[in-house]
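Asks: Pasting model.txt below, which is compact mmCIF, C-alpha atoms.
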```txt
# COMPACT_ATOMS: atom_id res chain seq x y z
CA MET A 1 -83.93 4.22 121.66
CA ARG A 2 -86.18 3.90 124.70
CA CYS A 3 -84.85 2.71 128.08
CA ASP A 4 -85.93 2.85 131.70
CA ARG A 5 -82.63 3.92 133.22
CA LEU A 6 -79.32 5.13 131.90
CA TRP A 7 -76.15 5.09 133.99
CA ARG A 8 -73.60 7.47 132.51
CA ASN A 9 -70.12 8.71 133.41
CA ALA A 10 -69.29 5.23 134.73
CA ARG A 11 -66.43 2.80 134.50
CA LEU A 12 -67.58 -0.73 133.75
CA ALA A 13 -66.06 -4.05 134.80
CA THR A 14 -68.04 -5.99 132.21
CA MET A 15 -66.48 -9.39 133.10
CA ARG A 16 -66.54 -10.21 129.39
CA GLY A 17 -63.55 -12.05 127.99
CA PRO A 18 -60.31 -12.42 129.95
CA GLY A 19 -59.79 -10.28 133.01
CA LEU A 20 -62.34 -7.71 134.07
CA GLY A 21 -63.28 -6.49 130.60
CA PRO A 22 -62.89 -2.84 131.72
CA VAL A 23 -64.57 0.04 129.88
CA GLU A 24 -63.56 3.60 130.70
CA ASP A 25 -66.09 6.39 130.07
CA GLY A 26 -68.79 3.77 130.04
CA MET A 27 -72.55 3.80 129.83
CA LEU A 28 -75.16 1.21 130.76
CA ALA A 29 -78.87 1.20 129.92
CA SER A 30 -81.71 -1.03 131.10
CA LEU A 31 -85.21 -1.78 129.92
CA ASP A 32 -87.69 -4.00 131.77
CA GLY A 33 -84.98 -5.22 134.12
CA MET A 34 -82.58 -6.26 131.37
CA ILE A 35 -79.40 -4.65 130.05
CA VAL A 36 -79.88 -3.13 126.60
CA TYR A 37 -76.47 -1.45 126.36
CA ALA A 38 -73.17 -1.73 128.23
CA GLY A 39 -70.11 -0.18 126.65
CA ARG A 40 -68.35 3.00 125.68
CA ALA A 41 -70.41 6.16 125.88
CA ASP A 42 -69.16 7.43 122.52
CA GLU A 43 -70.39 4.23 120.83
CA ALA A 44 -73.84 4.17 122.44
CA PRO A 45 -77.05 4.71 120.48
CA ALA A 46 -79.21 7.72 121.24
CA PHE A 47 -81.31 6.81 124.29
CA GLU A 48 -84.53 8.32 125.62
CA PRO A 49 -84.37 7.30 129.30
CA ARG A 50 -87.04 7.76 131.91
CA GLU A 51 -84.21 8.36 134.40
CA THR A 52 -80.53 9.20 134.02
CA ILE A 53 -78.01 8.50 136.79
CA ASP A 54 -74.61 10.21 136.78
CA CYS A 55 -72.12 7.76 138.34
CA ASP A 56 -69.39 10.39 138.77
CA GLY A 57 -66.74 7.98 137.51
CA ARG A 58 -67.69 5.13 139.86
CA TRP A 59 -67.11 1.51 138.90
CA ILE A 60 -70.02 -0.77 138.02
CA THR A 61 -69.72 -4.54 138.28
CA PRO A 62 -72.37 -7.20 137.89
CA GLY A 63 -74.26 -7.80 141.12
CA LEU A 64 -72.29 -10.21 143.30
CA ILE A 65 -73.32 -13.87 143.51
CA ASP A 66 -72.77 -16.13 146.52
CA CYS A 67 -72.99 -19.59 144.97
CA HIS A 68 -72.52 -21.75 148.10
CA THR A 69 -74.22 -21.02 151.44
CA HIS A 70 -75.97 -22.85 154.25
CA LEU A 71 -77.83 -19.70 155.22
CA ILE A 72 -80.88 -21.43 156.71
CA HIS A 73 -80.28 -23.19 160.04
CA GLY A 74 -81.25 -23.14 163.68
CA GLY A 75 -78.93 -22.09 166.49
CA ASP A 76 -75.22 -21.44 166.27
CA ARG A 77 -71.98 -23.17 167.21
CA ALA A 78 -70.20 -20.34 169.04
CA ARG A 79 -69.78 -22.51 172.14
CA GLU A 80 -67.98 -25.15 170.09
CA PHE A 81 -65.69 -22.46 168.68
CA GLU A 82 -64.86 -21.43 172.22
CA MET A 83 -64.21 -25.07 173.18
CA ARG A 84 -61.82 -25.52 170.25
CA LEU A 85 -59.92 -22.41 171.31
CA ASP A 86 -59.64 -23.95 174.77
CA GLY A 87 -58.12 -27.11 173.28
CA SER A 88 -61.08 -29.48 172.94
CA THR A 89 -60.89 -32.00 170.12
CA TYR A 90 -63.63 -32.65 167.57
CA GLU A 91 -64.41 -35.94 169.33
CA GLU A 92 -64.73 -34.22 172.70
CA ILE A 93 -67.05 -31.60 171.21
CA ALA A 94 -69.17 -34.32 169.59
CA ARG A 95 -69.43 -36.22 172.88
CA ALA A 96 -70.59 -32.99 174.52
CA GLY A 97 -73.46 -32.83 172.05
CA GLY A 98 -71.82 -30.57 169.47
CA GLY A 99 -71.08 -30.89 165.79
CA ILE A 100 -73.53 -31.00 162.92
CA LEU A 101 -76.06 -32.95 165.00
CA SER A 102 -76.36 -29.99 167.37
CA THR A 103 -77.35 -27.83 164.42
CA MET A 104 -79.71 -30.58 163.29
CA ARG A 105 -81.46 -30.57 166.67
CA ALA A 106 -81.79 -26.77 166.68
CA THR A 107 -83.03 -26.72 163.10
CA ARG A 108 -85.62 -29.44 163.71
CA ALA A 109 -86.91 -27.47 166.69
CA ALA A 110 -87.25 -24.23 164.69
CA SER A 111 -90.43 -23.20 162.92
CA GLU A 112 -90.40 -21.91 159.37
CA ASP A 113 -90.88 -18.39 160.71
CA ASP A 114 -87.93 -18.90 163.07
CA LEU A 115 -85.71 -20.08 160.23
CA VAL A 116 -86.62 -17.10 158.08
CA ALA A 117 -86.17 -14.60 160.92
CA THR A 118 -82.71 -15.87 161.87
CA ALA A 119 -81.53 -16.11 158.24
CA LEU A 120 -82.58 -12.60 157.23
CA PRO A 121 -79.74 -10.78 159.09
CA ARG A 122 -77.23 -13.06 157.37
CA LEU A 123 -78.85 -12.41 154.02
CA ASP A 124 -79.00 -8.67 154.70
CA ALA A 125 -75.25 -8.64 155.33
CA LEU A 126 -74.65 -10.16 151.89
CA ILE A 127 -77.10 -7.79 150.21
CA ALA A 128 -75.42 -4.79 151.87
CA GLU A 129 -72.21 -5.72 150.05
CA GLY A 130 -73.81 -5.93 146.62
CA ALA A 131 -75.10 -9.50 146.46
CA THR A 132 -78.04 -9.90 144.08
CA THR A 133 -78.11 -13.73 143.87
CA VAL A 134 -77.56 -16.12 146.79
CA GLU A 135 -77.65 -19.91 146.80
CA VAL A 136 -79.14 -21.54 149.93
CA LYS A 137 -78.86 -25.26 150.77
CA SER A 138 -80.91 -27.47 153.02
CA GLY A 139 -79.08 -30.20 154.91
CA TYR A 140 -79.52 -29.52 158.61
CA GLY A 141 -82.88 -31.23 159.00
CA LEU A 142 -81.89 -34.71 157.81
CA ASP A 143 -85.52 -35.77 157.82
CA ARG A 144 -88.41 -35.21 155.43
CA ASP A 145 -90.31 -32.51 157.29
CA THR A 146 -87.34 -30.34 158.28
CA GLU A 147 -85.58 -30.53 154.91
CA ILE A 148 -88.77 -29.36 153.19
CA ARG A 149 -89.29 -26.68 155.84
CA MET A 150 -85.75 -25.39 155.24
CA LEU A 151 -86.30 -25.17 151.49
CA ARG A 152 -89.67 -23.47 151.95
CA ALA A 153 -88.00 -20.95 154.28
CA ALA A 154 -85.25 -20.36 151.71
CA ARG A 155 -87.84 -19.64 149.03
CA ARG A 156 -89.47 -17.15 151.41
CA LEU A 157 -86.21 -15.22 151.71
CA GLY A 158 -86.55 -14.32 148.05
CA ARG A 159 -89.98 -12.85 148.75
CA GLU A 160 -88.83 -10.97 151.84
CA ARG A 161 -85.92 -9.25 150.10
CA PRO A 162 -85.10 -8.02 146.56
CA VAL A 163 -82.69 -10.87 145.81
CA HIS A 164 -82.74 -14.06 143.77
CA ILE A 165 -82.49 -17.18 145.96
CA ALA A 166 -81.30 -20.38 144.29
CA THR A 167 -82.20 -23.41 146.43
CA THR A 168 -80.25 -26.66 146.67
CA PHE A 169 -81.46 -29.91 148.26
CA LEU A 170 -78.63 -31.25 150.47
CA GLY A 171 -80.36 -34.02 152.34
CA ALA A 172 -77.20 -36.11 151.92
CA HIS A 173 -75.22 -33.82 154.22
CA ALA A 174 -74.76 -36.19 157.16
CA VAL A 175 -76.26 -39.41 158.48
CA PRO A 176 -78.94 -38.62 161.09
CA PRO A 177 -79.07 -40.53 164.38
CA GLU A 178 -82.17 -42.44 163.24
CA TYR A 179 -80.02 -44.08 160.56
CA ALA A 180 -76.74 -44.21 162.49
CA ASP A 181 -75.96 -47.76 161.30
CA ASP A 182 -77.77 -47.59 157.98
CA ALA A 183 -76.46 -44.87 155.69
CA ASP A 184 -77.70 -46.83 152.66
CA GLY A 185 -81.18 -46.85 154.15
CA TYR A 186 -81.03 -43.10 154.69
CA ILE A 187 -79.99 -42.52 151.06
CA ALA A 188 -82.83 -44.77 149.91
CA MET A 189 -85.29 -42.74 151.97
CA LEU A 190 -83.99 -39.47 150.47
CA CYS A 191 -84.15 -40.81 146.91
CA GLU A 192 -87.51 -42.56 147.17
CA GLU A 193 -89.47 -40.33 149.54
CA VAL A 194 -87.99 -36.87 150.14
CA LEU A 195 -86.51 -35.83 146.79
CA PRO A 196 -89.65 -36.73 144.79
CA GLU A 197 -91.71 -34.50 147.08
CA VAL A 198 -89.15 -31.69 146.97
CA ALA A 199 -89.16 -31.86 143.17
CA ALA A 200 -92.96 -31.95 142.97
CA LEU A 201 -93.16 -28.84 145.16
CA GLY A 202 -90.59 -27.03 143.00
CA PHE A 203 -88.47 -26.25 146.05
CA ALA A 204 -85.04 -27.19 144.66
CA ASP A 205 -83.02 -25.84 141.75
CA ALA A 206 -80.26 -28.44 142.24
CA VAL A 207 -79.21 -31.45 144.33
CA ASP A 208 -75.98 -31.60 146.37
CA ALA A 209 -74.26 -34.21 148.55
CA PHE A 210 -71.27 -34.46 150.89
CA CYS A 211 -68.99 -37.13 149.40
CA GLU A 212 -66.46 -37.75 152.14
CA GLY A 213 -65.30 -40.33 154.66
CA ILE A 214 -67.43 -38.66 157.33
CA GLY A 215 -70.24 -38.14 154.84
CA PHE A 216 -71.31 -40.43 152.00
CA THR A 217 -69.48 -42.85 149.74
CA PRO A 218 -69.13 -42.36 145.98
CA ALA A 219 -71.68 -45.16 145.45
CA GLN A 220 -74.20 -43.46 147.74
CA THR A 221 -73.52 -40.15 146.01
CA GLN A 222 -74.17 -41.80 142.66
CA ARG A 223 -77.58 -42.89 143.93
CA MET A 224 -78.43 -39.29 144.82
CA PHE A 225 -77.29 -38.15 141.38
CA ASP A 226 -79.41 -40.85 139.72
CA ALA A 227 -82.44 -39.67 141.68
CA ALA A 228 -81.74 -36.04 140.74
CA ALA A 229 -81.58 -37.03 137.06
CA ARG A 230 -84.95 -38.77 137.30
CA HIS A 231 -86.45 -35.47 138.42
CA GLY A 232 -84.58 -33.33 135.91
CA LEU A 233 -82.47 -31.56 138.54
CA PRO A 234 -78.81 -30.60 138.02
CA VAL A 235 -76.23 -31.67 140.59
CA LYS A 236 -73.42 -30.14 142.64
CA LEU A 237 -71.03 -31.79 145.09
CA HIS A 238 -69.07 -31.13 148.27
CA ALA A 239 -65.97 -32.94 146.99
CA ASP A 240 -62.41 -33.80 147.98
CA GLN A 241 -62.36 -31.51 151.01
CA LEU A 242 -60.86 -33.78 153.67
CA SER A 243 -59.64 -36.70 151.55
CA ASN A 244 -59.51 -37.81 147.94
CA LEU A 245 -62.53 -39.98 147.21
CA HIS A 246 -62.43 -38.76 143.59
CA GLY A 247 -65.63 -36.87 144.21
CA ALA A 248 -64.83 -34.11 141.73
CA ALA A 249 -64.26 -36.64 138.95
CA LEU A 250 -67.53 -38.33 139.90
CA ALA A 251 -69.37 -35.01 139.78
CA ALA A 252 -67.80 -33.99 136.50
CA GLY A 253 -68.72 -37.33 134.98
CA ARG A 254 -72.34 -36.50 135.74
CA GLY A 255 -72.06 -33.00 134.27
CA ALA A 256 -72.26 -31.32 137.66
CA LEU A 257 -72.61 -27.56 137.78
CA SER A 258 -69.84 -27.36 140.37
CA ALA A 259 -67.57 -29.30 142.67
CA ASP A 260 -66.86 -27.40 145.89
CA HIS A 261 -63.98 -27.22 148.43
CA LEU A 262 -61.43 -29.39 146.50
CA GLU A 263 -58.42 -29.28 148.84
CA TYR A 264 -57.57 -32.92 147.94
CA LEU A 265 -58.47 -32.66 144.25
CA ASP A 266 -56.08 -34.66 142.03
CA GLN A 267 -55.03 -34.31 138.41
CA ALA A 268 -57.61 -36.82 137.19
CA GLY A 269 -60.35 -34.81 138.84
CA ILE A 270 -59.03 -31.59 137.31
CA ALA A 271 -58.98 -33.17 133.85
CA ALA A 272 -62.55 -34.43 134.29
CA MET A 273 -63.75 -30.99 135.41
CA ALA A 274 -62.01 -29.30 132.48
CA ALA A 275 -63.67 -31.70 130.05
CA SER A 276 -67.15 -31.26 131.51
CA GLY A 277 -67.04 -27.54 132.25
CA THR A 278 -67.75 -28.17 135.94
CA VAL A 279 -66.91 -25.09 138.01
CA ALA A 280 -64.41 -25.32 140.87
CA THR A 281 -66.04 -23.45 143.76
CA LEU A 282 -63.42 -22.56 146.37
CA LEU A 283 -64.39 -21.78 149.95
CA PRO A 284 -61.58 -19.90 151.72
CA GLY A 285 -63.75 -19.08 154.74
CA ALA A 286 -63.86 -22.73 155.79
CA TYR A 287 -60.15 -23.14 155.03
CA TYR A 288 -59.35 -20.15 157.28
CA PHE A 289 -61.82 -20.92 160.07
CA MET A 290 -60.73 -24.55 160.39
CA ARG A 291 -57.03 -23.66 160.13
CA GLU A 292 -56.51 -26.01 157.22
CA SER A 293 -53.07 -26.30 155.68
CA ARG A 294 -53.64 -28.10 152.37
CA LEU A 295 -54.43 -25.67 149.56
CA PRO A 296 -56.65 -26.51 146.61
CA PRO A 297 -54.52 -27.06 143.47
CA ILE A 298 -55.01 -23.54 142.14
CA GLU A 299 -52.21 -23.50 139.56
CA ALA A 300 -53.29 -26.83 138.10
CA LEU A 301 -56.90 -25.60 137.86
CA ARG A 302 -55.67 -22.49 136.05
CA ALA A 303 -53.51 -24.49 133.68
CA ALA A 304 -56.42 -26.75 132.79
CA GLY A 305 -58.78 -23.84 132.21
CA VAL A 306 -61.24 -24.91 134.90
CA PRO A 307 -63.48 -21.95 135.82
CA ILE A 308 -63.01 -20.90 139.46
CA ALA A 309 -65.78 -19.48 141.64
CA LEU A 310 -65.58 -18.15 145.20
CA ALA A 311 -68.28 -18.31 147.87
CA THR A 312 -68.73 -17.70 151.58
CA ASP A 313 -69.88 -21.24 152.54
CA CYS A 314 -71.84 -19.41 155.25
CA ASN A 315 -72.63 -22.07 157.85
CA PRO A 316 -72.67 -22.28 161.65
CA GLY A 317 -69.91 -24.83 162.11
CA THR A 318 -66.99 -24.21 159.76
CA SER A 319 -67.51 -20.85 158.01
CA PRO A 320 -69.75 -18.32 159.80
CA LEU A 321 -68.92 -15.82 157.05
CA THR A 322 -71.44 -13.37 155.57
CA SER A 323 -69.11 -11.20 153.47
CA LEU A 324 -68.27 -11.86 149.83
CA LEU A 325 -65.79 -8.98 150.01
CA LEU A 326 -63.87 -10.77 152.76
CA ALA A 327 -64.20 -14.06 150.86
CA MET A 328 -62.44 -12.37 147.95
CA ASN A 329 -59.68 -11.07 150.21
CA LEU A 330 -59.21 -14.54 151.70
CA GLY A 331 -59.17 -16.02 148.19
CA ALA A 332 -56.35 -13.67 147.27
CA THR A 333 -54.29 -13.90 150.46
CA LEU A 334 -54.75 -17.61 151.26
CA PHE A 335 -55.30 -19.14 147.80
CA HIS A 336 -53.13 -16.66 145.84
CA LEU A 337 -55.89 -15.79 143.39
CA THR A 338 -55.52 -12.63 141.32
CA VAL A 339 -57.85 -9.65 141.59
CA ALA A 340 -59.50 -10.61 138.30
CA GLU A 341 -59.94 -14.22 139.45
CA CYS A 342 -61.55 -13.11 142.71
CA ILE A 343 -64.04 -10.74 141.09
CA THR A 344 -64.78 -13.20 138.28
CA GLY A 345 -65.29 -15.82 140.99
CA VAL A 346 -68.19 -13.92 142.57
CA THR A 347 -69.77 -12.81 139.29
CA ARG A 348 -69.41 -14.68 136.00
CA ASN A 349 -68.14 -18.00 137.34
CA ALA A 350 -70.47 -17.95 140.34
CA ALA A 351 -73.40 -17.58 137.95
CA ARG A 352 -72.07 -20.54 135.97
CA ALA A 353 -71.79 -22.60 139.17
CA LEU A 354 -75.54 -22.10 139.62
CA GLY A 355 -76.42 -22.74 135.99
CA LEU A 356 -77.65 -19.15 135.61
CA ALA A 357 -76.66 -17.94 132.16
CA ASP A 358 -78.67 -14.72 132.43
CA ARG A 359 -76.35 -12.89 134.85
CA GLY A 360 -72.75 -12.43 135.98
CA THR A 361 -71.59 -10.13 133.16
CA LEU A 362 -72.53 -6.69 131.88
CA GLU A 363 -73.81 -7.30 128.38
CA VAL A 364 -76.94 -6.95 126.31
CA GLY A 365 -79.58 -9.51 127.21
CA LYS A 366 -78.38 -10.12 130.77
CA ARG A 367 -80.33 -9.21 133.91
CA CYS A 368 -79.68 -5.69 135.10
CA ASP A 369 -78.23 -6.76 138.45
CA LEU A 370 -75.50 -4.27 139.29
CA ALA A 371 -73.21 -3.18 142.09
CA ILE A 372 -71.90 0.39 141.92
CA TRP A 373 -68.74 1.04 143.91
CA ASP A 374 -66.98 4.07 145.41
CA VAL A 375 -63.50 2.86 144.42
CA GLU A 376 -60.70 4.13 142.22
CA ARG A 377 -59.87 0.68 140.92
CA PRO A 378 -61.55 -2.74 141.22
CA ALA A 379 -58.57 -4.08 143.18
CA GLU A 380 -59.94 -2.20 146.20
CA LEU A 381 -62.82 -4.69 146.38
CA VAL A 382 -60.29 -7.43 147.10
CA TYR A 383 -57.67 -5.41 148.95
CA ARG A 384 -59.66 -3.87 151.78
CA MET A 385 -60.75 -5.79 154.90
CA GLY A 386 -63.80 -4.80 156.95
CA TYR A 387 -64.66 -1.91 154.63
CA ASN A 388 -67.68 -1.77 152.36
CA PRO A 389 -67.41 0.68 149.43
CA LEU A 390 -70.81 -0.14 147.92
CA HIS A 391 -72.50 3.02 146.61
CA ALA A 392 -75.66 1.44 145.17
CA ARG A 393 -77.09 -1.97 144.44
CA ILE A 394 -79.42 -2.53 141.48
CA TRP A 395 -81.60 -5.64 141.27
CA SER A 396 -83.56 -6.31 138.11
CA GLY A 397 -83.06 -2.70 137.05
CA GLN A 398 -84.41 -1.28 140.32
```
Using the file provided, produce a representation of the structure as structure tokens.

Replies:
Amino acid sequence: MRCDRLWRNARLATMRGPGLGPVEDGMLASLDGMIVYAGRADEAPAFEPRETIDCDGRWITPGLIDCHTHLIHGGDRAREFEMRLDGSTYEEIARAGGGILSTMRATRAASEDDLVATALPRLDALIAEGATTVEVKSGYGLDRDTEIRMLRAARRLGRERPVHIATTFLGAHAVPPEYADDADGYIAMLCEEVLPEVAALGFADAVDAFCEGIGFTPAQTQRMFDAAARHGLPVKLHADQLSNLHGAALAAGRGALSADHLEYLDQAGIAAMAASGTVATLLPGAYYFMRESRLPPIEALRAAGVPIALATDCNPGTSPLTSLLLAMNLGATLFHLTVAECITGVTRNAARALGLADRGTLEVGKRCDLAIWDVERPAELVYRMGYNPLHARIWSGQ
């Protein structure tokens, strides 16, 4: 049987079935960027590879997937972080010109080239730890031109680096100053003017919103979802992070790919997510950075069989995190996730949260996106802090 590359003498975390789906003495073969075999070496067909790689007993996982980032933005919020450490309140920081509007101003002032140049180091940090797919949201422009510029810059990242970039339109992230007393008018503008153009340009793979007391109401969120449906785009939602507006249930009722954050998620929302298959994307970086104390209802999500993903939520204000390895460690230590849940959360379930059925597991017919690790057991990927054991990263078989 012909193949391009054959990885032998490997241990595979296939992520098939419950747990990690481990295979000792494993072998994996690729052809034209796709997996054509992943399993036990003694059960493999006879291959004729162009290249054979001896893994010396290393572990292979699917390439890691960061399914929730705000990677594209102008400026940073380090000064605000310093002010919080000195005792300033959120209101005091906002009065001093901080908060999301400070990022909005910096992002509006940045050119497309600027946005790409400043995002690449953040993307490179993720790639260096085995990421092969990264989601990138807009949402810091809050006007037509800047939102489109952000999405165009995000698409460019996927041409600058060997990585798949999934883009999400998050115009409903905050109310801009131009619409300070007219959030409904802002939503109307997004639905009637910006989203149609974004969809026509092919710049968005999904639509997201921030359903929260300081964001948008459930009714306004519904309007965004209706507009997404008109353009054939799936939806996601920042839901139930700071209060319970039943955002997760709303998202699940619309068949959302994921509902994210979920600290205030209730049992009705969990039941709705379980019924719809909506993924619970947990963001421990924001929980840690903001010193939150209310945990997402992990045990109830488990009991209901809701798939759990993990992501960095990389953003300048509440989670300046560019490490999926650290996100897994935080998921384990803060949210009490198991090793298998953490690794599943950045592979199989992260792919599901993006609606990407062609990756996230090691099996025939999936993309050959791999991470090869210098570890004795997969638990080391979750256990270590500030240490990167990546041996090799394979994207589309290369």

Asks: Do you have the atom CA of His261 of chain A-atom CA of Leu151 of chain A distance handy?

Replies: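 One can read the atom CA of His261 of chain A to atom CA of Leu151 of chain A distance as 22.6 Å.
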
Asks: Between A:Arg8, A:Lys366, A:Arg2, A:Arg77, which one has atoms that come closest to Pro316 of chain A, using all atoms listed in the file?

Replies: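 The shortest atom-to-atom distance to Pro316 of chain A comes from A:Arg77.
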
Asks: Contacts of Asp145 of chain A at 12 Å or less, counting all atoms listed in the file, minus same-chain residues fewer than 4 places along, as a list in words?

Replies: Thr107, Arg108, Ala109, Ala110, Ser111, Glu112, Ser138, Gly139, Tyr140, Gly141, Arg149, Met150, Leu151, Arg152, Gly171, Leu190, Glu193, Val194, Leu195, Glu197 and Val198 of chain A

Asks: Could you tell me how far atom CA of Ser323 of chain A sits from atom CA of Gly213 of chain A, in Å to one decimal place?

Replies: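 Computing it gives 29.4 Å between the two atoms.
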
Asks: Near segment 201-204 of chain A, within 12 Å and counting all atoms listed in the file, which residues show up once chain neighbours fewer than 3 positions away are dropped, as JSON, numbers by chain?

Replies: {"A": [135, 136, 137, 138, 147, 148, 149, 150, 151, 152, 153, 154, 155, 156, 165, 166, 167, 168, 169, 170, 171, 194, 195, 196, 197, 198, 207, 208, 228, 231, 232, 233, 234, 235, 354]}

Asks: At most 12 Å is the cut-off: for each residue in segment 201-302 of chain A with any atom that close to an atom of segment 339-344 of chain A, write down the nearest atom pair and the distance in Å rounded to one decimal, counting all atoms listed in the file, chain first then increasing number, as JSON lines.

Replies:
```
{"residue": "A:Thr281", "atom": "CA", "partner": "A:Cys342", "partner_atom": "CA", "distance": 11.3}
{"residue": "A:Leu282", "atom": "CA", "partner": "A:Cys342", "partner_atom": "CA", "distance": 10.3}
{"residue": "A:Leu283", "atom": "CA", "partner": "A:Cys342", "partner_atom": "CA", "distance": 11.6}
{"residue": "A:Pro284", "atom": "CA", "partner": "A:Cys342", "partner_atom": "CA", "distance": 11.3}
{"residue": "A:Ile298", "atom": "CA", "partner": "A:Glu341", "partner_atom": "CA", "distance": 10.9}
{"residue": "A:Leu301", "atom": "CA", "partner": "A:Glu341", "partner_atom": "CA", "distance": 11.9}
{"residue": "A:Arg302", "atom": "CA", "partner": "A:Glu341", "partner_atom": "CA", "distance": 9.9}
```

Asks: At most 6 Å from (-71.0, -5.2, 150.2), file frame, all atoms listed in the file: which residues, as JSON, numbers by chain?

Replies: {"A": [128, 129, 130, 388, 390]}

Asks: Give me the residues near Leu123 of chain A as a ChimeraX atom specification, where near means some atom within 8 Å (using only C-alpha atoms) and where sequence neighbours in that chain fewer than 3 positions away do not count.

Replies: /A:71,119-120,126-127,322

Asks: Quick one: residues within 12 Å of segment 94-105 of chain A, all atoms listed in the file counted, chain neighbours fewer than 2 positions away excluded, as a ChimeraX atom specification?

Replies: /A:70,72-84,88-92,107-110,138-143,146-147,150,171,173-178,180,214-215,315-318

Asks: Tell me, in Å to one decimal, how far atom CA of Ala272 of chain A is from atom CA of Gly247 of chain A.

Replies: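 According to the coordinates, atom CA of Ala272 of chain A and atom CA of Gly247 of chain A are separated by 10.7 Å.
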
Asks: Point out the residue among A:Ala392, A:Ala351, A:Ala200, A:Leu265 with the least atom-to-atom distance to Asp374 of chain A, counting all atoms listed in the file.

Replies: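 The shortest atom-to-atom distance to Asp374 of chain A comes from A:Ala392.
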